[in-house]
Amino acid sequence: MPFGSVSLDYRANIATSSEDFSFSIIDGGLPEGLSLDVSGEIKGTPTNEGEFYFTVSTQYDDINDFELIIYPEGVIFPPEIISTKIPDASVGSFYRALIEAEGTAALTWSADSLPDELSINPDIGIISGVPIKEGLYDVKITAENILSSDTKLFNMKINGSNNESQDEIFNANYAQNQQQNNTLGGGCNTDSNFFMLFFLMRSLLKVYQILSPRLQMLCSDILGKSRHRF
């Protein structure tokens with residue numbers, strides 16, 4: 001976890017996966033001036049130095065211990081990215097990954113060459129989004145504070161849709177059905193028509209799975225703006 005300094009704005013996040021966790025402190029505590037929200041973000045301006053130990057739990061009773069060091073005012077350390085890899089993602093599935101660093105917060109994050117539809121939160125270093133194209137990507141991540149910056153190159157893999165293996169099974173069954181129809185001299189094509197309809201439905205489902213998270217995010221944004229208007 002990034003260090004802090006007295007009177008210097010602090011931001012960090014303890015949520016490392018795409019799971020929809022809700023976090024709370026069940027033992028110990030944060031330094032005065034800092035707070036933990038349910039999404040796992042720690043933020044604020046610490047007012048006293050020291051080493052602080054606290055235990056965090058989720059709604060699923062996952063428990064983890066943390067240590068946060070707050071240094072005296074004016075003591076600042078350069079950032080160092082300590083994550084060694086970026087987890088794989090899948091086309092059409094929501095993705096979230098935390099890049100971790102040491103050094104004095106607050107850190108500002110940036111990324112070059114992320115896959116389409118993925119972005120990094122500049123305040124807390126979380127990559128998120130719904131990837132739309134599989135492949136291998138060389139991603140350059142930078143963490144910066146008021147003293148200096150650190151840049152690290154990662155290899156990121158976007159896998160195909162989770163439905164691809166099922167599609168392969170379907171394609172094999174469809175080919176077998178076509179062969180049987182040809183062997184029977186082009187008899188009844190009811191099964192063939194069924195497979196064609198099933199294939200169309202699966203294709204539409206894949207499109208829905210890719211677009212649905214993005215549509216939900218768009219609708220949420222529109223509703224949020226509507227609330228502000230009224």
# chains A, B, ... in the order shown; residues from 1 in each chain; ligands from 1
>>> residues_around(residues="Tyr71 (chain A)", least_positions_apart="4", cutoff="12 Å", atoms="only C-alpha atoms", output="number ranges by chain")
A: 2-8, 10, 31, 46-52, 75-77, 103-105
>>> residues_around(residues="Ile124 (chain A)", least_positions_apart="4", cutoff="10 Å", atoms="only C-alpha atoms", output="list in words")
Arg11, Ala12, Asn13, Ile14, Glu41, Ile42, Lys43, Leu98, Ile99, Glu100, Ala105, Ala106, Leu107, Thr108, Trp109, Ile120 and Ala143 of chain A
>>> write_last_selection(atoms="N, CA and C atoms", output="mmCIF file, in the first residue's frame")
data_model
loop_
_atom_site.group_PDB
_atom_site.id
_atom_site.type_symbol
_atom_site.label_atom_id
_atom_site.label_comp_id
_atom_site.auth_asym_id
_atom_site.auth_seq_id
_atom_site.Cartn_x
_atom_site.Cartn_y
_atom_site.Cartn_z
ATOM 1 N N ARG A 11 -4.656 8.951 -1.547
ATOM 2 C CA ARG A 11 -5.633 8.105 -2.238
ATOM 3 C C ARG A 11 -5.001 6.738 -2.482
ATOM 4 N N ALA A 12 -5.735 5.691 -2.195
ATOM 5 C CA ALA A 12 -5.295 4.329 -2.491
ATOM 6 C C ALA A 12 -6.523 3.435 -2.522
ATOM 7 N N ASN A 13 -6.381 2.239 -3.099
ATOM 8 C CA ASN A 13 -7.512 1.323 -3.202
ATOM 9 C C ASN A 13 -7.065 -0.081 -2.818
ATOM 10 N N ILE A 14 -7.926 -0.820 -2.098
ATOM 11 C CA ILE A 14 -7.595 -2.173 -1.681
ATOM 12 C C ILE A 14 -8.363 -3.223 -2.479
ATOM 13 N N GLU A 41 -11.873 2.248 -1.499
ATOM 14 C CA GLU A 41 -10.975 3.390 -1.676
ATOM 15 C C GLU A 41 -10.699 4.073 -0.340
ATOM 16 N N ILE A 42 -9.414 4.307 -0.074
ATOM 17 C CA ILE A 42 -8.985 5.049 1.107
ATOM 18 C C ILE A 42 -8.560 6.435 0.646
ATOM 19 N N LYS A 43 -9.097 7.460 1.264
ATOM 20 C CA LYS A 43 -8.752 8.815 0.826
ATOM 21 C C LYS A 43 -8.900 9.795 1.984
ATOM 22 N N LEU A 98 -6.395 -3.958 -10.368
ATOM 23 C CA LEU A 98 -5.674 -2.909 -9.653
ATOM 24 C C LEU A 98 -4.175 -3.037 -9.903
ATOM 25 N N ILE A 99 -3.542 -1.943 -10.292
ATOM 26 C CA ILE A 99 -2.085 -1.884 -10.401
ATOM 27 C C ILE A 99 -1.569 -1.295 -9.081
ATOM 28 N N GLU A 100 -0.641 -2.009 -8.448
ATOM 29 C CA GLU A 100 -0.164 -1.600 -7.126
ATOM 30 C C GLU A 100 1.207 -0.926 -7.217
ATOM 31 N N ALA A 105 1.746 8.530 -1.586
ATOM 32 C CA ALA A 105 0.524 8.945 -2.261
ATOM 33 C C ALA A 105 0.300 10.445 -1.970
ATOM 34 N N ALA A 106 -0.500 11.154 -2.793
ATOM 35 C CA ALA A 106 -1.348 10.555 -3.810
ATOM 36 C C ALA A 106 -0.567 10.336 -5.108
ATOM 37 N N LEU A 107 -0.867 9.179 -5.746
ATOM 38 C CA LEU A 107 -0.260 8.859 -7.025
ATOM 39 C C LEU A 107 -1.243 9.187 -8.148
ATOM 40 N N THR A 108 -0.683 9.587 -9.271
ATOM 41 C CA THR A 108 -1.477 9.810 -10.478
ATOM 42 C C THR A 108 -1.073 8.762 -11.509
ATOM 43 N N TRP A 109 -2.076 8.075 -12.091
ATOM 44 C CA TRP A 109 -1.825 6.948 -12.983
ATOM 45 C C TRP A 109 -2.171 7.285 -14.433
ATOM 46 N N ILE A 120 -7.723 3.400 -17.463
ATOM 47 C CA ILE A 120 -7.190 3.352 -16.108
ATOM 48 C C ILE A 120 -7.667 4.573 -15.333
ATOM 49 N N ALA A 143 3.099 5.544 -12.897
ATOM 50 C CA ALA A 143 2.636 6.097 -11.622
ATOM 51 C C ALA A 143 3.502 7.304 -11.292
#
>>> atom_distance(atom1="CA of Asp20 (chain A)", atom2="CA of Glu80 (chain A)")
27.6 Å
>>> atom_distance(atom1="CA of Val91 (chain A)", atom2="CA of Gly160 (chain A)")
5.3 Å
>>> residues_around(residues="Val38 (chain A)", least_positions_apart="5", cutoff="8 Å", atoms="only C-alpha atoms", output="ChimeraX atom specification")
/A:21-24
>>> atom_distance(atom1="CA of Gly125 (chain A)", atom2="CA of Ser110 (chain A)")
7.9 Å
>>> decode(residues="region 48-64 of chain A", atoms="all heavy atoms", output="mmCIF file, in the first residue's frame")
data_model
loop_
_atom_site.group_PDB
_atom_site.id
_atom_site.type_symbol
_atom_site.label_atom_id
_atom_site.label_comp_id
_atom_site.auth_asym_id
_atom_site.auth_seq_id
_atom_site.Cartn_x
_atom_site.Cartn_y
_atom_site.Cartn_z
ATOM 1 N N ASN A 48 -1.715 12.845 11.389
ATOM 2 C CA ASN A 48 -0.705 12.380 12.344
ATOM 3 C C ASN A 48 0.107 11.246 11.732
ATOM 4 O O ASN A 48 -0.403 10.431 10.964
ATOM 5 C CB ASN A 48 -1.348 11.936 13.661
ATOM 6 C CG ASN A 48 -2.424 10.884 13.463
ATOM 7 O OD1 ASN A 48 -3.210 10.974 12.518
ATOM 8 N ND2 ASN A 48 -2.486 9.902 14.341
ATOM 9 N N GLU A 49 1.383 11.215 12.054
ATOM 10 C CA GLU A 49 2.291 10.202 11.514
ATOM 11 C C GLU A 49 2.230 8.926 12.349
ATOM 12 O O GLU A 49 1.677 8.897 13.454
ATOM 13 C CB GLU A 49 3.713 10.745 11.515
ATOM 14 C CG GLU A 49 4.247 11.049 12.913
ATOM 15 C CD GLU A 49 5.594 11.722 12.878
ATOM 16 O OE1 GLU A 49 5.643 12.948 12.688
ATOM 17 O OE2 GLU A 49 6.596 10.980 13.039
ATOM 18 N N GLY A 50 2.798 7.834 11.778
ATOM 19 C CA GLY A 50 2.854 6.583 12.505
ATOM 20 C C GLY A 50 2.574 5.383 11.608
ATOM 21 O O GLY A 50 2.389 5.518 10.390
ATOM 22 N N GLU A 51 2.600 4.201 12.241
ATOM 23 C CA GLU A 51 2.254 2.962 11.549
ATOM 24 C C GLU A 51 0.875 2.523 12.020
ATOM 25 O O GLU A 51 0.642 2.401 13.228
ATOM 26 C CB GLU A 51 3.300 1.883 11.842
ATOM 27 C CG GLU A 51 4.698 2.231 11.352
ATOM 28 C CD GLU A 51 5.691 1.100 11.610
ATOM 29 O OE1 GLU A 51 5.242 -0.005 11.981
ATOM 30 O OE2 GLU A 51 6.892 1.344 11.469
ATOM 31 N N PHE A 52 0.002 2.265 11.063
ATOM 32 C CA PHE A 52 -1.387 1.959 11.384
ATOM 33 C C PHE A 52 -1.759 0.598 10.802
ATOM 34 O O PHE A 52 -1.519 0.328 9.622
ATOM 35 C CB PHE A 52 -2.312 3.043 10.838
ATOM 36 C CG PHE A 52 -2.021 4.408 11.389
ATOM 37 C CD1 PHE A 52 -1.057 5.220 10.808
ATOM 38 C CD2 PHE A 52 -2.686 4.870 12.511
ATOM 39 C CE1 PHE A 52 -0.768 6.477 11.314
ATOM 40 C CE2 PHE A 52 -2.411 6.120 13.038
ATOM 41 C CZ PHE A 52 -1.442 6.931 12.442
ATOM 42 N N TYR A 53 -2.334 -0.238 11.646
ATOM 43 C CA TYR A 53 -2.728 -1.588 11.250
ATOM 44 C C TYR A 53 -4.250 -1.708 11.349
ATOM 45 O O TYR A 53 -4.851 -1.265 12.335
ATOM 46 C CB TYR A 53 -2.066 -2.629 12.151
ATOM 47 C CG TYR A 53 -0.554 -2.565 12.140
ATOM 48 C CD1 TYR A 53 0.127 -1.728 13.032
ATOM 49 C CD2 TYR A 53 0.187 -3.314 11.234
ATOM 50 C CE1 TYR A 53 1.513 -1.658 13.018
ATOM 51 C CE2 TYR A 53 1.573 -3.246 11.216
ATOM 52 C CZ TYR A 53 2.227 -2.417 12.109
ATOM 53 O OH TYR A 53 3.596 -2.343 12.086
ATOM 54 N N PHE A 54 -4.846 -2.302 10.328
ATOM 55 C CA PHE A 54 -6.300 -2.456 10.340
ATOM 56 C C PHE A 54 -6.695 -3.706 9.557
ATOM 57 O O PHE A 54 -5.964 -4.171 8.673
ATOM 58 C CB PHE A 54 -6.995 -1.217 9.776
ATOM 59 C CG PHE A 54 -6.570 -0.823 8.390
ATOM 60 C CD1 PHE A 54 -7.337 -1.164 7.282
ATOM 61 C CD2 PHE A 54 -5.402 -0.095 8.181
ATOM 62 C CE1 PHE A 54 -6.955 -0.795 6.005
ATOM 63 C CE2 PHE A 54 -5.009 0.279 6.898
ATOM 64 C CZ PHE A 54 -5.786 -0.075 5.811
ATOM 65 N N THR A 55 -7.842 -4.255 9.907
ATOM 66 C CA THR A 55 -8.370 -5.461 9.267
ATOM 67 C C THR A 55 -9.662 -5.116 8.547
ATOM 68 O O THR A 55 -10.545 -4.458 9.110
ATOM 69 C CB THR A 55 -8.651 -6.559 10.312
ATOM 70 O OG1 THR A 55 -7.437 -6.852 11.022
ATOM 71 C CG2 THR A 55 -9.162 -7.827 9.641
ATOM 72 N N VAL A 56 -9.755 -5.571 7.298
ATOM 73 C CA VAL A 56 -10.905 -5.254 6.453
ATOM 74 C C VAL A 56 -11.649 -6.537 6.104
ATOM 75 O O VAL A 56 -11.036 -7.574 5.811
ATOM 76 C CB VAL A 56 -10.459 -4.538 5.163
ATOM 77 C CG1 VAL A 56 -11.640 -4.331 4.213
ATOM 78 C CG2 VAL A 56 -9.816 -3.196 5.500
ATOM 79 N N SER A 57 -12.979 -6.454 6.133
ATOM 80 C CA SER A 57 -13.827 -7.588 5.757
ATOM 81 C C SER A 57 -14.781 -7.162 4.645
ATOM 82 O O SER A 57 -15.095 -5.981 4.490
ATOM 83 C CB SER A 57 -14.628 -8.084 6.971
ATOM 84 O OG SER A 57 -15.490 -9.147 6.609
ATOM 85 N N THR A 58 -15.237 -8.167 3.861
ATOM 86 C CA THR A 58 -16.246 -7.921 2.839
ATOM 87 C C THR A 58 -17.561 -8.553 3.274
ATOM 88 O O THR A 58 -17.629 -9.238 4.297
ATOM 89 C CB THR A 58 -15.829 -8.529 1.484
ATOM 90 O OG1 THR A 58 -15.912 -9.961 1.573
ATOM 91 C CG2 THR A 58 -14.413 -8.121 1.127
ATOM 92 N N GLN A 59 -18.606 -8.337 2.463
ATOM 93 C CA GLN A 59 -19.910 -8.928 2.787
ATOM 94 C C GLN A 59 -19.880 -10.451 2.691
ATOM 95 O O GLN A 59 -20.805 -11.121 3.160
ATOM 96 C CB GLN A 59 -21.007 -8.367 1.867
ATOM 97 C CG GLN A 59 -20.960 -8.844 0.422
ATOM 98 C CD GLN A 59 -20.095 -7.975 -0.458
ATOM 99 O OE1 GLN A 59 -19.042 -7.504 -0.042
ATOM 100 N NE2 GLN A 59 -20.547 -7.766 -1.688
ATOM 101 N N TYR A 60 -18.810 -11.008 2.086
ATOM 102 C CA TYR A 60 -18.664 -12.463 1.989
ATOM 103 C C TYR A 60 -17.724 -13.004 3.065
ATOM 104 O O TYR A 60 -17.267 -14.150 2.982
ATOM 105 C CB TYR A 60 -18.141 -12.849 0.604
ATOM 106 C CG TYR A 60 -18.992 -12.308 -0.520
ATOM 107 C CD1 TYR A 60 -18.481 -11.375 -1.418
ATOM 108 C CD2 TYR A 60 -20.315 -12.714 -0.683
ATOM 109 C CE1 TYR A 60 -19.254 -10.864 -2.452
ATOM 110 C CE2 TYR A 60 -21.100 -12.210 -1.707
ATOM 111 C CZ TYR A 60 -20.563 -11.283 -2.588
ATOM 112 O OH TYR A 60 -21.339 -10.775 -3.601
ATOM 113 N N ASP A 61 -17.394 -12.153 4.046
ATOM 114 C CA ASP A 61 -16.520 -12.526 5.162
ATOM 115 C C ASP A 61 -15.100 -12.840 4.718
ATOM 116 O O ASP A 61 -14.393 -13.615 5.377
ATOM 117 C CB ASP A 61 -17.105 -13.725 5.937
ATOM 118 C CG ASP A 61 -18.395 -13.364 6.659
ATOM 119 O OD1 ASP A 61 -18.522 -12.206 7.074
ATOM 120 O OD2 ASP A 61 -19.268 -14.245 6.789
ATOM 121 N N ASP A 62 -14.669 -12.260 3.610
ATOM 122 C CA ASP A 62 -13.255 -12.320 3.236
ATOM 123 C C ASP A 62 -12.510 -11.301 4.081
ATOM 124 O O ASP A 62 -12.856 -10.113 4.088
ATOM 125 C CB ASP A 62 -13.075 -12.009 1.749
ATOM 126 C CG ASP A 62 -13.724 -13.053 0.861
ATOM 127 O OD1 ASP A 62 -13.581 -14.245 1.171
ATOM 128 O OD2 ASP A 62 -14.367 -12.676 -0.136
ATOM 129 N N ILE A 63 -11.476 -11.741 4.787
ATOM 130 C CA ILE A 63 -10.792 -10.873 5.746
ATOM 131 C C ILE A 63 -9.322 -10.720 5.353
ATOM 132 O O ILE A 63 -8.645 -11.707 5.035
ATOM 133 C CB ILE A 63 -10.907 -11.440 7.171
ATOM 134 C CG1 ILE A 63 -12.385 -11.471 7.601
ATOM 135 C CG2 ILE A 63 -10.087 -10.614 8.152
ATOM 136 C CD1 ILE A 63 -12.611 -12.118 8.952
ATOM 137 N N ASN A 64 -8.832 -9.462 5.368
ATOM 138 C CA ASN A 64 -7.435 -9.187 5.051
ATOM 139 C C ASN A 64 -6.891 -8.120 5.994
ATOM 140 O O ASN A 64 -7.609 -7.194 6.400
ATOM 141 C CB ASN A 64 -7.291 -8.704 3.604
ATOM 142 C CG ASN A 64 -7.516 -9.822 2.597
ATOM 143 O OD1 ASN A 64 -6.649 -10.667 2.380
ATOM 144 N ND2 ASN A 64 -8.687 -9.831 1.975
#
